[in-house]
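> Data: entry_28.pdb, PDB, C-alpha atoms.
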```pdb
ATOM      1  CA  MET O  65       0.000   0.000   0.000
ATOM      2  CA  PRO O  66       1.613   3.305  -1.066
ATOM      3  CA  VAL O  67       2.367   6.007   1.466
ATOM      4  CA  GLU O  68       0.835   9.395   0.614
ATOM      5  CA  LEU O  69       3.647  11.748   1.570
ATOM      6  CA  ASP O  70       1.475  14.790   0.819
ATOM      7  CA  ARG O  71      -0.116  14.187   4.224
ATOM      8  CA  TYR O  72       3.160  14.566   6.148
ATOM      9  CA  ALA O  73       5.602  17.328   7.038
ATOM     10  CA  ALA O  74       8.525  15.005   7.730
ATOM     11  CA  VAL O  75       9.729  11.406   7.650
ATOM     12  CA  ILE O  76      11.603   9.757  10.544
ATOM     13  CA  ALA O  77      13.214   6.338  10.064
ATOM     14  CA  LEU O  78      14.280   4.629  13.289
ATOM     15  CA  GLY O  79      16.523   1.695  14.173
ATOM     16  CA  GLY O  80      16.126  -2.068  14.115
ATOM     17  CA  PRO O  81      18.132  -5.291  14.532
ATOM     18  CA  MET O  82      18.353  -6.044  10.805
ATOM     19  CA  ASN O  83      20.817  -4.673   8.267
ATOM     20  CA  VAL O  84      19.850  -2.787   5.115
ATOM     21  CA  ASP O  85      20.560  -5.686   2.749
ATOM     22  CA  GLU O  86      18.313  -8.263   4.445
ATOM     23  CA  THR O  87      15.543  -7.479   1.972
ATOM     24  CA  GLU O  88      14.516 -11.104   1.390
ATOM     25  CA  ARG O  89      13.882 -11.616   5.094
ATOM     26  CA  TYR O  90      12.491  -8.098   5.621
ATOM     27  CA  PRO O  91      10.845  -6.977   2.330
ATOM     28  CA  ASN O  92       9.709  -3.723   3.961
ATOM     29  CA  LEU O  93      13.313  -2.450   3.857
ATOM     30  CA  LYS O  94      13.135  -1.873   0.099
ATOM     31  CA  ARG O  95       9.872  -0.013   0.545
ATOM     32  CA  GLU O  96      11.419   2.148   3.255
ATOM     33  CA  VAL O  97      14.283   3.082   0.923
ATOM     34  CA  ASP O  98      11.740   3.991  -1.771
ATOM     35  CA  ILE O  99       9.791   6.155   0.695
ATOM     36  CA  LEU O 100      12.964   7.916   1.825
ATOM     37  CA  ARG O 101      14.018   8.539  -1.758
ATOM     38  CA  GLU O 102      10.650  10.075  -2.597
ATOM     39  CA  ALA O 103      10.834  12.245   0.543
ATOM     40  CA  LEU O 104      14.300  13.412  -0.535
ATOM     41  CA  GLU O 105      13.057  14.235  -4.034
ATOM     42  CA  ARG O 106      10.313  16.335  -2.440
ATOM     43  CA  ASP O 107      12.956  17.994  -0.205
ATOM     44  CA  MET O 108      10.965  17.037   2.880
ATOM     45  CA  SER O 109      12.462  17.054   6.352
ATOM     46  CA  VAL O 110      13.983  13.597   6.862
ATOM     47  CA  LEU O 111      15.675  12.112   9.925
ATOM     48  CA  GLY O 112      17.288   8.667   9.943
ATOM     49  CA  ILE O 113      18.583   7.138  13.182
ATOM     50  CA  CYS O 114      20.860   4.054  13.224
ATOM     51  CA  LEU O 115      19.250   1.648  10.718
ATOM     52  CA  GLY O 116      17.241   4.642   9.512
ATOM     53  CA  ALA O 117      20.482   6.511   8.763
ATOM     54  CA  GLN O 118      21.773   3.474   6.881
ATOM     55  CA  LEU O 119      18.563   3.279   4.835
ATOM     56  CA  LEU O 120      18.852   7.011   4.146
ATOM     57  CA  ALA O 121      22.423   6.513   2.954
ATOM     58  CA  LYS O 122      21.267   3.705   0.667
ATOM     59  CA  ALA O 123      18.487   5.917  -0.730
ATOM     60  CA  LEU O 124      21.208   8.444  -1.590
ATOM     61  CA  GLY O 125      23.308   5.844  -3.397
ATOM     62  CA  GLY O 126      25.736   5.213  -0.521
ATOM     63  CA  ARG O 127      27.118   1.926   0.795
ATOM     64  CA  VAL O 128      26.579   0.284   4.193
ATOM     65  CA  TYR O 129      29.129  -2.247   5.464
ATOM     66  CA  ARG O 130      29.926  -4.280   8.585
ATOM     67  CA  ASN O 131      32.282  -2.498  10.994
ATOM     68  CA  ASP O 132      35.320  -4.290  12.402
ATOM     69  CA  ARG O 133      33.947  -3.738  15.917
ATOM     70  CA  LYS O 134      30.499  -3.138  17.359
ATOM     71  CA  GLU O 135      29.726   0.257  18.856
ATOM     72  CA  ILE O 136      27.347  -0.301  21.754
ATOM     73  CA  GLY O 137      27.161   1.834  24.873
ATOM     74  CA  TRP O 138      28.538   5.264  25.744
ATOM     75  CA  HIS O 139      31.160   6.530  23.284
ATOM     76  CA  ASP O 140      32.357   9.895  21.994
ATOM     77  CA  VAL O 141      31.647  11.350  18.589
ATOM     78  CA  HIS O 142      33.762  14.132  17.124
ATOM     79  CA  LEU O 143      32.236  16.894  15.048
ATOM     80  CA  THR O 144      33.841  17.698  11.728
ATOM     81  CA  HIS O 145      34.204  21.306  10.580
ATOM     82  CA  ASN O 146      30.853  20.924   8.797
ATOM     83  CA  GLY O 147      29.326  19.546  11.990
ATOM     84  CA  ARG O 148      30.533  22.483  14.076
ATOM     85  CA  MET O 149      28.970  24.869  11.555
ATOM     86  CA  ASP O 150      25.750  22.891  11.096
ATOM     87  CA  PRO O 151      22.538  24.569  12.353
ATOM     88  CA  VAL O 152      21.290  21.319  13.907
ATOM     89  CA  LEU O 153      24.372  19.501  15.228
ATOM     90  CA  SER O 154      26.099  22.605  16.526
ATOM     91  CA  THR O 155      24.231  21.838  19.773
ATOM     92  CA  PHE O 156      27.060  19.315  20.360
ATOM     93  CA  GLU O 157      30.423  19.904  21.951
ATOM     94  CA  HIS O 158      33.295  19.297  19.521
ATOM     95  CA  GLN O 159      33.746  15.966  21.358
ATOM     96  CA  GLN O 160      30.400  14.678  22.595
ATOM     97  CA  GLU O 161      29.496  11.501  24.470
ATOM     98  CA  VAL O 162      26.308   9.836  23.188
ATOM     99  CA  PHE O 163      24.657   6.414  23.257
ATOM    100  CA  HIS O 164      25.357   3.914  20.469
ATOM    101  CA  TRP O 165      23.930   0.605  19.315
ATOM    102  CA  HIS O 166      25.120  -0.433  15.876
ATOM    103  CA  VAL O 167      27.393  -2.898  14.138
ATOM    104  CA  ASP O 168      27.308  -1.456  10.609
ATOM    105  CA  GLY O 169      29.096   1.538   9.161
ATOM    106  CA  ILE O 170      28.178   4.034   6.432
ATOM    107  CA  GLU O 171      30.216   5.182   3.474
ATOM    108  CA  LEU O 172      29.409   8.864   2.971
ATOM    109  CA  PRO O 173      27.034   9.188  -0.011
ATOM    110  CA  SER O 174      27.944  11.558  -2.817
ATOM    111  CA  GLY O 175      26.731  15.111  -2.266
ATOM    112  CA  CYS O 176      26.386  14.753   1.523
ATOM    113  CA  ARG O 177      28.059  16.757   4.268
ATOM    114  CA  HIS O 178      30.070  14.730   6.783
ATOM    115  CA  LEU O 179      29.105  16.004  10.255
ATOM    116  CA  ALA O 180      30.588  13.631  12.831
ATOM    117  CA  SER O 181      32.842  10.595  13.247
ATOM    118  CA  SER O 182      34.054   8.291  16.015
ATOM    119  CA  GLU O 183      36.928   5.935  16.712
ATOM    120  CA  ARG O 184      35.006   2.959  15.315
ATOM    121  CA  SER O 185      32.777   4.606  12.685
ATOM    122  CA  GLU O 186      34.054   7.207  10.248
ATOM    123  CA  VAL O 187      30.561   8.448   9.389
ATOM    124  CA  GLN O 188      28.531   8.983  12.552
ATOM    125  CA  ALA O 189      26.368  11.781  11.166
ATOM    126  CA  PHE O 190      25.721  13.287   7.741
ATOM    127  CA  ALA O 191      23.328  15.674   6.045
ATOM    128  CA  PHE O 192      21.954  16.023   2.553
ATOM    129  CA  GLY O 193      20.605  19.386   1.415
ATOM    130  CA  GLU O 194      18.916  21.559   3.999
ATOM    131  CA  HIS O 195      16.519  19.077   5.591
ATOM    132  CA  ALA O 196      17.818  15.483   5.584
ATOM    133  CA  TYR O 197      19.961  14.139   8.454
ATOM    134  CA  GLY O 198      21.350  10.699   9.243
ATOM    135  CA  LEU O 199      22.616   9.848  12.752
ATOM    136  CA  GLN O 200      24.213   6.517  13.641
ATOM    137  CA  PHE O 201      23.935   7.202  17.390
ATOM    138  CA  HIS O 202      20.789   7.280  19.532
ATOM    139  CA  LEU O 203      19.744  10.648  20.917
ATOM    140  CA  GLU O 204      16.207   9.346  21.416
ATOM    141  CA  VAL O 205      16.926   6.849  24.231
ATOM    142  CA  ASN O 206      16.001   7.188  27.878
ATOM    143  CA  GLU O 207      17.115   5.072  30.829
ATOM    144  CA  PRO O 208      14.283   2.484  30.651
ATOM    145  CA  LEU O 209      14.935   1.960  26.942
ATOM    146  CA  VAL O 210      18.658   1.369  27.524
ATOM    147  CA  HIS O 211      17.756  -1.212  30.187
ATOM    148  CA  ARG O 212      15.302  -2.907  27.837
ATOM    149  CA  TRP O 213      17.776  -3.140  24.944
ATOM    150  CA  LEU O 214      20.377  -4.700  27.222
ATOM    151  CA  ARG O 215      17.948  -7.231  28.715
ATOM    152  CA  VAL O 216      15.702  -8.486  25.887
ATOM    153  CA  PRO O 217      16.602 -11.994  24.657
ATOM    154  CA  GLU O 218      16.726 -10.904  21.019
ATOM    155  CA  ASN O 219      19.750  -8.684  21.703
ATOM    156  CA  GLN O 220      21.814 -11.219  23.646
ATOM    157  CA  PRO O 221      23.654 -12.725  20.635
ATOM    158  CA  VAL O 222      25.131  -9.365  19.617
ATOM    159  CA  LEU O 223      26.066  -8.587  23.234
ATOM    160  CA  THR O 224      27.717 -11.938  23.972
ATOM    161  CA  ASP O 225      29.552 -12.496  20.686
ATOM    162  CA  PRO O 226      32.917 -13.912  21.882
ATOM    163  CA  ASP O 227      34.833 -12.049  19.177
ATOM    164  CA  ASP O 228      33.635  -8.653  20.434
ATOM    165  CA  ALA O 229      31.730  -9.032  23.711
ATOM    166  CA  ILE O 230      29.937  -6.092  25.319
ATOM    167  CA  GLU O 231      29.665  -5.537  29.093
ATOM    168  CA  PRO O 232      25.995  -4.721  29.777
ATOM    169  CA  GLU O 233      26.545  -4.213  33.495
ATOM    170  CA  ALA O 234      29.144  -1.510  32.849
ATOM    171  CA  ILE O 235      26.742   0.263  30.487
ATOM    172  CA  LEU O 236      23.955   0.044  33.072
ATOM    173  CA  GLU O 237      26.249   1.418  35.767
ATOM    174  CA  HIS O 238      27.208   4.445  33.672
ATOM    175  CA  THR O 239      23.770   5.222  32.225
ATOM    176  CA  PRO O 240      22.214   7.002  35.263
ATOM    177  CA  LYS O 241      25.202   9.387  35.355
ATOM    178  CA  LYS O 242      24.954  10.244  31.665
ATOM    179  CA  ILE O 243      21.314  10.049  30.604
ATOM    180  CA  SER O 244      20.214  13.514  31.789
ATOM    181  CA  ALA O 245      22.855  15.224  29.669
ATOM    182  CA  LEU O 246      21.847  13.106  26.671
ATOM    183  CA  GLU O 247      18.164  13.952  27.112
ATOM    184  CA  ALA O 248      18.961  17.679  27.255
ATOM    185  CA  LEU O 249      21.117  17.367  24.134
ATOM    186  CA  SER O 250      18.329  15.410  22.441
ATOM    187  CA  ASN O 251      15.738  18.097  23.200
ATOM    188  CA  ASP O 252      17.977  20.863  21.857
ATOM    189  CA  THR O 253      19.049  18.970  18.731
ATOM    190  CA  PHE O 254      15.638  17.648  17.700
ATOM    191  CA  SER O 255      14.076  21.064  18.387
ATOM    192  CA  ARG O 256      16.511  22.650  15.956
ATOM    193  CA  TRP O 257      15.670  20.034  13.339
ATOM    194  CA  ILE O 258      11.926  20.613  13.808
ATOM    195  CA  GLU O 259      12.380  24.388  13.537
ATOM    196  CA  ARG O 260      13.542  23.864   9.958
ATOM    197  CA  PHE O 261      10.171  22.414   8.880
ATOM    198  CA  ASP O 262       8.891  25.829   7.778
ATOM    199  CA  ILE O 263      11.268  26.002   4.787
ATOM    200  CA  PRO O 264       9.038  25.385   1.718
ATOM    201  CA  PRO O 265       9.547  21.981   0.066
ATOM    202  CA  ARG O 266      11.167  21.941  -3.337
ATOM    203  CA  ARG O 267      12.376  19.307  -5.768
ATOM    204  CA  VAL O 268      16.080  18.445  -5.740
ATOM    205  CA  SER O 269      18.367  16.321  -7.894
ATOM    206  CA  LEU O 270      19.710  13.183  -6.207
ATOM    207  CA  PRO O 271      23.006  11.503  -7.044
ATOM    208  CA  SER O 272      22.763   8.589  -9.462
ATOM    209  CA  ARG O 273      22.378   5.160  -7.838
TER     210      ARG O 273
END
```
Written as structure tokens, that's how I'd like the structure from this file.

Amino acid sequence: MPVELDRYAAVIALGGPMNVDETERYPNLKREVDILREALERDMSVLGICLGAQLLAKALGGRVYRNDRKEIGWHDVHLTHNGRMDPVLSTFEHQQEVFHWHVDGIELPSGCRHLASSERSEVQAFAFGEHAYGLQFHLEVNEPLVHRWLRVPENQPVLTDPDDAIEPEAILEHTPKKISALEALSNDTFSRWIERFDIPPRRVSLPSR
């Protein structure tokens, strides 16, 4: 069933346990890429988080690949020059601690601005045009959600992988000390993104696939 984007001011694509190329197992992924591409062509406000950022990159002709190491828990991102000048991400410190949960990396799509990187992921944030943003990290989490992600059975294989094990108890110990700052940063950053909705939509040219 087609999505009527005329009814919406923005599109937000969130995370998930799958990767962007598992289209046979999750056929909706191809549809999500198509929806994001149409939103981009309309120059709508678009926000992709984690898997959503990877789908956004794919819609822009970029490549998503498996990182050498998982990035789960509290880690720093570093703003690029473009990130420090960006009207949305300039809410961040030049080095900013945020919450992560991803195993895949993004190759910066053609025509995008590189906004942030980290030790394990070169492209942590990017923007296309005036209204489309992709973030690998999770500004949207709160403390109960962090607890849930670390406890649900479906997430245990990625946490206990012997080649790159994660320490859930250490993450849980640190979260109460860090979550308030993340929530304040989230409010400021998402508010700036929402404030940009009033720019009139217009058609843009996307890079070739």
> With all atoms listed in the file as the counted atoms, please give the residues lying no more than 7 Å from Gln160 of chain O, apart from itself and same-chain residues fewer than 5 positions off, as a CSV table (one decimal) with C-alpha atoms, in the frame of the given file.

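After the write, result.csv holds the following:
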```csv
chain,number,residue,atom,x,y,z
O,140,ASP,CA,32.4,9.9,22.0
O,141,VAL,CA,31.6,11.4,18.6
O,142,HIS,CA,33.8,14.1,17.1
```
> Counting only C-alpha atoms, give me one row per residue of segment 102-138 of chain O with an atom at most 10 Å from an atom of segment 193-206 of chain O, showing the shortest contact pair and its distance in Å to one decimal, sorted by chain then residue number, as a tab-separated table.

```
residue	atom	partner	partner_atom	distance
O:Ala103	CA	O:Ala196	CA	9.2
O:Leu104	CA	O:Ala196	CA	7.4
O:Asp107	CA	O:His195	CA	6.9
O:Met108	CA	O:His195	CA	6.5
O:Ser109	CA	O:His195	CA	4.6
O:Val110	CA	O:Ala196	CA	4.5
O:Leu111	CA	O:Tyr197	CA	5.0
O:Gly112	CA	O:Gly198	CA	4.6
O:Ile113	CA	O:Leu199	CA	4.9
O:Cys114	CA	O:Gln200	CA	4.2
O:Leu115	CA	O:Gln200	CA	7.5
O:Gly116	CA	O:Gly198	CA	7.3
O:Ala117	CA	O:Gly198	CA	4.3
O:Gln118	CA	O:Gly198	CA	7.6
O:Leu119	CA	O:Gly198	CA	9.1
O:Leu120	CA	O:Gly198	CA	6.8
O:Ala121	CA	O:Gly198	CA	7.6
O:Glu135	CA	O:Phe201	CA	9.2
O:Ile136	CA	O:Phe201	CA	9.3
O:Gly137	CA	O:Phe201	CA	9.8
O:Trp138	CA	O:Phe201	CA	9.7
```
> Separation of atom CA of Gly169 of chain O and atom CA of Tyr129 of chain O, in Å?
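Between these atoms lies a distance of 5.3 Å.
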> Using all atoms listed in the file, find all polymer residues with an atom at most 10 Å away from the point (26.6, 18.7, 7.8); report them as a ChimeraX atom specification.
/O:143-154,176-180,189-194,196-198
> Work out how far apart atom CA of Pro173 of chain O and atom CA of Asn83 of chain O are and give it in Å to one decimal.
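Between these atoms lies a distance of 17.3 Å.
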